[in-house]
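So this block is data.cif, mmCIF, C-alpha atoms:
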data_input
#
loop_
_atom_site.label_atom_id
_atom_site.label_comp_id
_atom_site.auth_asym_id
_atom_site.auth_seq_id
_atom_site.Cartn_x
_atom_site.Cartn_y
_atom_site.Cartn_z
CA MET A 4 -32.14 -3.93 -35.80
CA VAL A 5 -32.52 -0.53 -34.13
CA PHE A 6 -31.10 -1.98 -30.89
CA VAL A 7 -28.03 -3.37 -32.68
CA GLY A 8 -27.46 -0.04 -34.40
CA ARG A 9 -27.71 1.93 -31.17
CA ARG A 10 -25.37 -0.51 -29.43
CA ALA A 11 -22.79 -0.12 -32.21
CA LEU A 12 -23.08 3.66 -32.10
CA LYS A 13 -22.67 3.62 -28.31
CA ARG A 14 -19.46 1.65 -28.60
CA ILE A 15 -18.16 4.01 -31.29
CA ASP A 16 -18.93 6.94 -28.98
CA ASN A 17 -16.98 5.22 -26.16
CA VAL A 18 -13.99 4.67 -28.46
CA SER A 19 -14.15 8.29 -29.64
CA GLU A 20 -14.26 9.59 -26.07
CA ALA A 21 -11.26 7.45 -25.07
CA SER A 22 -9.41 8.59 -28.20
CA ARG A 23 -9.97 12.24 -27.31
CA ARG A 24 -8.51 11.69 -23.83
CA ILE A 25 -5.46 9.95 -25.29
CA MET A 26 -4.91 12.69 -27.89
CA GLY A 27 -5.16 15.18 -25.06
CA GLY A 28 -1.99 13.71 -23.55
CA ASP A 29 -3.25 10.85 -21.36
CA LEU A 30 -1.13 8.05 -22.84
CA SER A 31 -2.07 5.78 -19.93
CA GLY A 32 -5.66 5.67 -21.24
CA ARG A 33 -6.91 2.68 -23.20
CA LEU A 34 -9.80 1.99 -25.52
CA PRO A 35 -12.73 0.11 -23.92
CA VAL A 36 -12.94 -3.67 -24.42
CA THR A 37 -16.21 -5.49 -23.60
CA GLY A 38 -14.81 -9.02 -23.78
CA SER A 39 -17.19 -10.14 -26.52
CA GLY A 40 -14.34 -10.79 -28.94
CA ASP A 41 -16.08 -9.06 -31.85
CA GLU A 42 -14.54 -6.70 -34.42
CA PHE A 43 -14.71 -3.70 -32.07
CA ASP A 44 -12.87 -5.61 -29.34
CA ARG A 45 -10.17 -6.85 -31.70
CA LEU A 46 -9.65 -3.34 -33.02
CA SER A 47 -9.49 -1.90 -29.50
CA GLU A 48 -7.05 -4.59 -28.35
CA ASN A 49 -4.69 -3.91 -31.27
CA LEU A 50 -4.84 -0.17 -30.65
CA ASN A 51 -4.24 -0.71 -26.91
CA ARG A 52 -1.14 -2.75 -27.69
CA MET A 53 0.04 0.04 -29.96
CA LEU A 54 -0.58 2.59 -27.21
CA ALA A 55 1.34 0.44 -24.72
CA ARG A 56 4.27 0.29 -27.13
CA ILE A 57 4.16 4.07 -27.65
CA GLY A 58 4.07 4.61 -23.89
CA LYS A 59 7.08 2.35 -23.41
CA LEU A 60 9.02 4.20 -26.12
CA ASN A 61 8.16 7.55 -24.52
CA ASP A 62 9.36 6.29 -21.12
CA GLY A 63 12.57 5.10 -22.74
CA LEU A 64 13.04 8.45 -24.44
CA LYS A 65 12.56 10.28 -21.14
CA GLN A 66 15.03 7.99 -19.41
CA VAL A 67 17.61 8.45 -22.17
CA SER A 68 17.16 12.22 -22.06
CA ASP A 69 17.70 12.24 -18.29
CA ASN A 70 20.76 9.99 -18.62
CA ILE A 71 22.25 12.13 -21.39
CA ALA A 72 21.79 15.26 -19.29
CA HIS A 73 23.42 13.55 -16.31
CA ASP A 74 26.30 11.73 -18.01
CA LEU A 75 27.26 14.40 -20.54
CA LYS A 76 27.17 17.32 -18.13
CA THR A 77 30.50 16.32 -16.58
CA PRO A 78 32.59 16.08 -19.79
CA LEU A 79 31.07 19.30 -21.13
CA THR A 80 31.97 21.03 -17.86
CA ARG A 81 35.53 19.72 -18.15
CA LEU A 82 35.78 21.08 -21.69
CA ARG A 83 34.72 24.53 -20.56
CA ASN A 84 36.99 24.54 -17.50
CA ARG A 85 40.04 23.51 -19.54
CA ALA A 86 39.36 26.21 -22.11
CA GLU A 87 38.88 28.81 -19.37
CA ALA A 88 42.07 27.71 -17.59
CA ALA A 89 44.03 27.92 -20.86
CA LEU A 90 42.84 31.48 -21.44
CA SER A 91 43.59 32.68 -17.92
CA GLY A 92 47.09 34.08 -17.47
CA LYS A 93 50.08 33.62 -19.68
CA LYS A 94 50.71 30.10 -20.92
CA THR A 95 53.53 28.52 -22.84
CA ALA A 96 53.01 27.00 -26.27
CA THR A 97 53.36 23.56 -24.70
CA GLU A 98 50.63 24.28 -22.14
CA TYR A 99 48.27 25.55 -24.84
CA ARG A 100 48.95 22.44 -26.89
CA GLU A 101 48.27 20.14 -23.94
CA ALA A 102 44.97 21.92 -23.22
CA LEU A 103 43.88 21.60 -26.85
CA GLU A 104 44.86 17.92 -26.98
CA ALA A 105 42.87 17.24 -23.81
CA ASN A 106 39.83 18.99 -25.25
CA ILE A 107 40.11 17.06 -28.50
CA ALA A 108 40.26 13.77 -26.58
CA GLU A 109 37.19 14.77 -24.54
CA SER A 110 35.36 15.80 -27.71
CA ASP A 111 36.16 12.45 -29.36
CA HIS A 112 34.67 10.68 -26.35
CA LEU A 113 31.48 12.74 -26.65
CA ILE A 114 31.23 12.00 -30.38
CA ARG A 115 31.63 8.26 -29.75
CA THR A 116 28.93 8.43 -27.09
CA PHE A 117 26.46 10.18 -29.39
CA ASN A 118 27.26 7.77 -32.25
CA ALA A 119 26.55 4.82 -29.95
CA ILE A 120 23.25 6.38 -28.82
CA LEU A 121 22.17 6.91 -32.43
CA MET A 122 23.13 3.37 -33.41
CA ILE A 123 21.24 1.86 -30.47
CA SER A 124 18.13 3.92 -31.28
CA ARG A 125 18.20 2.86 -34.93
CA LEU A 126 18.64 -0.81 -34.13
CA GLU A 127 15.98 -0.85 -31.41
CA ALA A 128 13.53 0.88 -33.74
CA GLY A 129 14.09 -1.88 -36.28
CA TYR A 130 15.55 0.50 -38.86
CA SER A 131 19.12 0.30 -40.01
CA ALA A 132 20.91 0.88 -43.28
CA GLU A 133 23.41 -1.81 -42.28
CA GLN A 134 23.56 -4.69 -44.78
CA THR A 135 23.73 -8.34 -43.76
CA GLY A 136 25.31 -11.29 -45.50
CA PRO A 137 27.15 -14.55 -44.78
CA VAL A 138 29.66 -13.88 -41.98
CA ASP A 139 32.12 -16.27 -40.35
CA LEU A 140 31.87 -15.73 -36.58
CA ALA A 141 35.15 -17.62 -36.09
CA GLU A 142 37.02 -14.96 -38.04
CA ILE A 143 35.39 -12.19 -36.00
CA VAL A 144 36.45 -13.88 -32.74
CA ALA A 145 40.03 -14.29 -34.02
CA ASP A 146 40.22 -10.65 -35.16
CA VAL A 147 38.81 -9.21 -31.91
CA VAL A 148 41.09 -11.34 -29.73
CA GLU A 149 44.09 -10.34 -31.86
CA LEU A 150 43.10 -6.68 -31.49
CA TYR A 151 42.75 -6.83 -27.68
CA GLU A 152 45.74 -9.05 -26.89
CA PRO A 153 48.08 -6.05 -26.33
CA VAL A 154 45.46 -4.34 -24.12
CA ALA A 155 45.00 -7.47 -22.02
CA GLU A 156 48.75 -8.02 -21.70
CA GLU A 157 49.26 -4.43 -20.60
CA GLN A 158 46.69 -4.87 -17.81
CA GLY A 159 48.00 -8.29 -16.75
CA VAL A 160 44.99 -10.23 -18.04
CA ILE A 161 45.27 -13.57 -19.85
CA LEU A 162 43.16 -13.42 -23.05
CA GLU A 163 42.39 -16.70 -24.80
CA ALA A 164 40.18 -17.81 -27.68
CA THR A 165 38.49 -21.19 -28.22
CA VAL A 166 37.26 -21.49 -31.81
CA PRO A 167 36.70 -25.11 -32.88
CA SER A 168 35.43 -24.47 -36.43
CA ALA A 169 33.89 -21.93 -38.74
CA ALA A 170 30.30 -20.83 -38.21
CA ILE A 171 28.55 -18.95 -41.01
CA VAL A 172 25.58 -16.78 -40.06
CA PRO A 173 23.60 -14.07 -41.88
CA ALA A 174 24.83 -10.95 -40.10
CA ASN A 175 26.53 -7.60 -40.39
CA ARG A 176 30.22 -8.11 -39.69
CA GLU A 177 30.90 -4.57 -38.42
CA LEU A 178 28.00 -4.59 -35.96
CA VAL A 179 28.83 -8.04 -34.56
CA ALA A 180 32.53 -7.15 -34.26
CA GLN A 181 31.69 -3.91 -32.47
CA ALA A 182 29.36 -5.69 -30.04
CA LEU A 183 31.95 -8.39 -29.28
CA SER A 184 34.67 -5.75 -28.88
CA ASN A 185 32.57 -3.92 -26.29
CA ILE A 186 32.02 -7.11 -24.30
CA VAL A 187 35.70 -8.14 -24.43
CA ASP A 188 36.78 -4.63 -23.46
CA ASN A 189 34.46 -4.72 -20.41
CA ALA A 190 35.70 -8.17 -19.40
CA ILE A 191 39.35 -7.09 -19.54
CA LYS A 192 38.68 -3.80 -17.79
CA TYR A 193 36.77 -5.24 -14.83
CA SER A 194 38.72 -8.49 -14.38
CA ALA A 195 42.10 -6.69 -14.28
CA GLY A 196 43.44 -6.63 -10.74
CA SER A 197 40.55 -8.70 -9.40
CA GLY A 198 42.62 -11.79 -8.58
CA ASP A 199 45.96 -13.57 -8.82
CA ALA A 200 45.38 -14.66 -12.42
CA PRO A 201 42.72 -12.57 -14.17
CA LYS A 202 41.60 -14.36 -17.30
CA VAL A 203 39.16 -13.76 -20.17
CA VAL A 204 38.16 -16.57 -22.55
CA VAL A 205 36.31 -15.89 -25.80
CA SER A 206 34.60 -19.02 -27.12
CA LEU A 207 32.52 -20.02 -30.12
CA LEU A 208 30.03 -22.72 -29.18
CA ARG A 209 27.50 -24.74 -31.16
CA GLU A 210 24.21 -25.44 -29.42
CA ALA A 211 21.46 -27.25 -31.35
CA ASN A 212 20.52 -24.88 -34.22
CA SER A 213 22.35 -21.87 -32.85
CA VAL A 214 25.86 -20.58 -32.40
CA VAL A 215 26.98 -18.77 -29.26
CA MET A 216 29.82 -16.29 -28.93
CA GLU A 217 30.71 -16.35 -25.22
CA VAL A 218 33.01 -14.06 -23.27
CA ALA A 219 33.78 -15.46 -19.81
CA ASP A 220 35.97 -13.88 -17.14
CA ASN A 221 36.91 -14.55 -13.52
CA GLY A 222 36.39 -10.98 -12.33
CA PRO A 223 33.94 -9.63 -9.74
CA GLY A 224 30.91 -10.42 -11.91
CA ILE A 225 27.45 -8.83 -11.74
CA GLY A 226 24.75 -9.62 -9.20
CA GLU A 227 21.68 -11.45 -10.50
CA ASP A 228 19.41 -8.49 -9.70
CA ASP A 229 21.56 -6.14 -11.82
CA ARG A 230 22.08 -8.31 -14.92
CA GLU A 231 19.01 -7.07 -16.72
CA ARG A 232 19.47 -3.46 -15.67
CA VAL A 233 23.11 -3.31 -16.77
CA THR A 234 22.07 -3.72 -20.44
CA GLU A 235 20.14 -0.43 -20.30
CA ARG A 236 21.67 2.73 -21.67
CA PHE A 237 24.10 4.69 -19.44
CA VAL A 238 23.82 2.19 -16.58
CA ARG A 239 27.16 1.76 -14.78
CA LEU A 240 27.29 -0.33 -11.63
CA GLU A 241 30.62 1.22 -10.64
CA GLN A 242 29.39 4.20 -8.67
CA SER A 243 32.83 5.80 -8.40
CA ARG A 244 33.03 6.13 -12.23
CA SER A 245 36.80 5.64 -11.97
CA GLN A 246 36.82 3.28 -14.96
CA PRO A 247 36.59 4.82 -18.45
CA GLY A 248 33.38 4.25 -20.38
CA SER A 249 29.90 5.59 -20.97
CA GLY A 250 27.67 2.67 -19.93
CA LEU A 251 26.60 1.97 -23.52
CA GLY A 252 28.66 -1.14 -24.36
CA LEU A 253 26.22 -3.85 -23.25
CA SER A 254 23.24 -1.79 -24.39
CA LEU A 255 24.70 -1.63 -27.90
CA ALA A 256 25.47 -5.36 -27.83
CA LYS A 257 21.87 -6.10 -26.83
CA ALA A 258 20.53 -3.91 -29.65
CA VAL A 259 22.87 -5.60 -32.16
CA MET A 260 21.65 -9.05 -31.12
CA LYS A 261 18.03 -7.94 -31.35
CA PHE A 262 18.74 -6.65 -34.87
CA HIS A 263 20.07 -10.11 -35.79
CA GLY A 264 17.10 -11.95 -34.24
CA GLY A 265 19.24 -13.32 -31.41
CA GLY A 266 19.74 -12.48 -27.77
CA LEU A 267 22.25 -11.34 -25.18
CA GLU A 268 22.46 -13.52 -22.05
CA LEU A 269 24.33 -12.74 -18.82
CA SER A 270 25.03 -15.33 -16.14
CA GLY A 271 27.31 -15.73 -13.11
CA ARG A 272 30.38 -17.99 -13.05
CA ASN A 273 31.44 -17.88 -9.39
CA PRO A 274 33.68 -16.00 -9.73
CA GLY A 275 33.17 -13.94 -12.81
CA LEU A 276 30.62 -13.30 -15.51
CA SER A 277 29.58 -15.00 -18.73
CA VAL A 278 28.15 -12.90 -21.56
CA ARG A 279 26.66 -14.89 -24.43
CA MET A 280 25.69 -13.61 -27.89
CA VAL A 281 23.22 -16.18 -29.23
CA PHE A 282 22.64 -16.41 -32.99
CA PRO A 283 19.65 -18.65 -33.84
CA GLY A 284 18.90 -20.63 -36.98
CA ILE A 285 22.40 -20.72 -38.42
CA ARG A 286 24.31 -22.92 -40.85
CA VAL A 287 27.57 -24.32 -39.47
CA ARG A 288 30.49 -25.34 -41.62
CA HIS A 289 32.60 -28.28 -40.51
CA GLU A 290 36.33 -28.15 -39.85
CA GLN A 291 37.04 -29.83 -43.18
CA ASP A 292 35.20 -27.06 -45.03
CA ARG A 293 37.12 -24.44 -43.03
CA HIS A 294 40.43 -26.12 -43.91
CA ARG A 295 39.50 -26.21 -47.61
CA ARG A 296 38.58 -22.52 -47.57
CA SER A 297 41.84 -21.55 -45.82
CA MET A 298 43.86 -23.54 -48.38
CA VAL A 299 42.15 -21.63 -51.21
CA ARG A 300 42.89 -18.33 -49.46
CA ARG A 301 46.57 -19.21 -49.01
CA ALA A 302 46.82 -20.22 -52.67
CA ARG A 303 45.36 -16.86 -53.72
CA CYS A 304 47.77 -15.00 -51.46
CA SER A 305 50.71 -16.94 -52.86
CA ALA A 306 49.71 -16.03 -56.40
CA SER A 307 49.31 -12.33 -55.64
CA THR A 308 51.74 -9.72 -54.41
CA ALA A 309 48.93 -7.45 -53.18
CA ARG A 310 48.25 -6.97 -49.48
CA PRO A 311 51.00 -9.37 -48.24
CA ARG A 312 50.57 -8.36 -44.58
CA GLN A 313 46.91 -9.36 -44.50
CA CYS A 314 47.71 -12.64 -46.25
CA ARG A 315 50.40 -13.53 -43.73
CA ARG A 316 48.11 -12.74 -40.78
CA ARG A 317 45.23 -14.79 -42.18
CA ALA A 318 47.53 -17.70 -43.01
CA ALA A 319 48.88 -17.69 -39.46
CA ARG A 320 45.33 -17.77 -38.05
CA SER A 321 44.30 -20.66 -40.33
CA ARG A 322 47.16 -22.81 -38.99
#
Encoded form using structure tokens:
Amino acid sequence: MVFVGRRALKRIDNVSEASRRIMGGDLSGRLPVTGSGDEFDRLSENLNRMLARIGKLNDGLKQVSDNIAHDLKTPLTRLRNRAEAALSGKKTATEYREALEANIAESDHLIRTFNAILMISRLEAGYSAEQTGPVDLAEIVADVVELYEPVAEEQGVILEATVPSAAIVPANRELVAQALSNIVDNAIKYSAGSGDAPKVVVSLLREANSVVMEVADNGPGIGEDDRERVTERFVRLEQSRSQPGSGLGLSLAKAVMKFHGGGLELSGRNPGLSVRMVFPGIRVRHEQDRHRRSMVRRARCSASTARPRQCRRRAARSR
């Protein structure tokens, strides 16, 4: 009995010593595990996993801090230089206005960047005030494609949508729409000018018990070695930085899919890239159900004089 007590006390002393080193700042340290599988080992293994998670979060925080310092230094410098140039010498009212408008545009870009960083951090931490409910992914695809059709046309890119039927999933509509918008925007931006007929196709696919929102383009694509890295915050493969953006689009999409219990998958198309937003465990409505729902919506719009523009747009999409 004395031997068992001393052995238990020895192990407690070892755990206490390791804990003191960790609290002293050595986050690489771990609690000792003997391999016996007893209560002490199980406790140490759980705490070691927690320490590994904390270490990973700290590394991510350091990387984000470095990226923020690097990527935000340039726009802040531009803001200061524009303000200094506007104050130097005599300027016309038009020149002052142009300088202020440029600074406002730069400030809006910085605000959007910080908002995206905050949203990603909240989603990755598993905390979000965003509410979820039944959402039709087909309607999100139709709305996003309608929104980006003028942008694609302006850049000479063919933008198409393939939506066979409605797909209802428990999700947050705003988050999913924002993630899809980021992916479509990237596809248009990087496929433009890449070939004779740049094309982006947004599809809604059913696979077993999941639904996939896919954005496929015939642009330059992303090398296999860079596909995982490109979903990290502030990562931009275009070294010249000539294209607008902050390198947060795919990172936000990945965080949104993690929040919904799904995943973000990137694959090559030769040429081009396929980005898939996979929603697992969903309930799919058939085309007949979608038709019935659209008929009810049109009947409601016909009986009401409110919001006629929205009714006409939705009726056109349902046909």
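When only C-alpha atoms are used to compute distances to A:Ile186, the closest of the residues A:Ser270, A:Ser254, A:Asn49, A:Ser110 turns out to be A:Ser254.
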*Interatomic distance (Å, one decimal) between atom CA of A:Ala102 and atom CA of A:Val154*: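 Computing it gives 26.3 Å between the two atoms.
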*If we count all atoms listed in the file, what is near A:Met122 at a cut-off of 9 Å, once residues fewer than 4 positions away on the same chain are taken out, given as a list in words?*
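That gives Phe117, Asn118, Leu126, Glu127, Ser131, Leu255 and Ala258 of chain A.
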*Any chance you could resolve the PyMOL selection byres ((chain A and resi 54) around 12) against this file and give the residues as a list in words?*
Ala21, Ser22, Ile25, Met26, Gly28, Asp29, Leu30, Ser31, Gly32, Arg33, Leu34, Ser47, Glu48, Asn49, Leu50, Asn51, Arg52, Met53, Ala55, Arg56, Ile57, Gly58, Lys59, Leu60 and Asn61 of chain A
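Nearest to A:Ser194 of all the residues A:Gln158, A:Ser206, A:Gln181, A:Thr97 is A:Gln158, based on all atoms listed in the file.
Each of A:Lys13, A:Val160, A:Ala182, A:Val187 was checked against A:Val148 using only C-alpha atoms; the smallest atom-to-atom distance is that of A:Val187.
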_Residue nearest A:Asn212 among A:Gly196, A:Arg230, A:Ile123, A:Phe282 (counting all atoms listed in the file)_ = A:Phe282
_At a cut-off of 9 Å around the point (36.2, -11.6, -15.8) (file coordinates), what residues fall inside when counting only C-alpha atoms? I'd like the answer as a ChimeraX atom specification._
/A:189-195,197,201-204,218-224,274-277
With all atoms of stretch 253-264 of chain A from the file as input, state the centre and edge lengths in Å to one decimal of the axis-aligned box that has 8 Å extra on each side, as lines of an AutoDock Vina configuration file.
center_x = 21.7
center_y = -6.8
center_z = -29.5
size_x = 25.1
size_y = 26.3
size_z = 28.5
*Nearest candidate to A:Val166 (options A:Ala86, A:Val215, A:Ile120, A:Ala200; using all atoms listed in the file)*: A:Val215
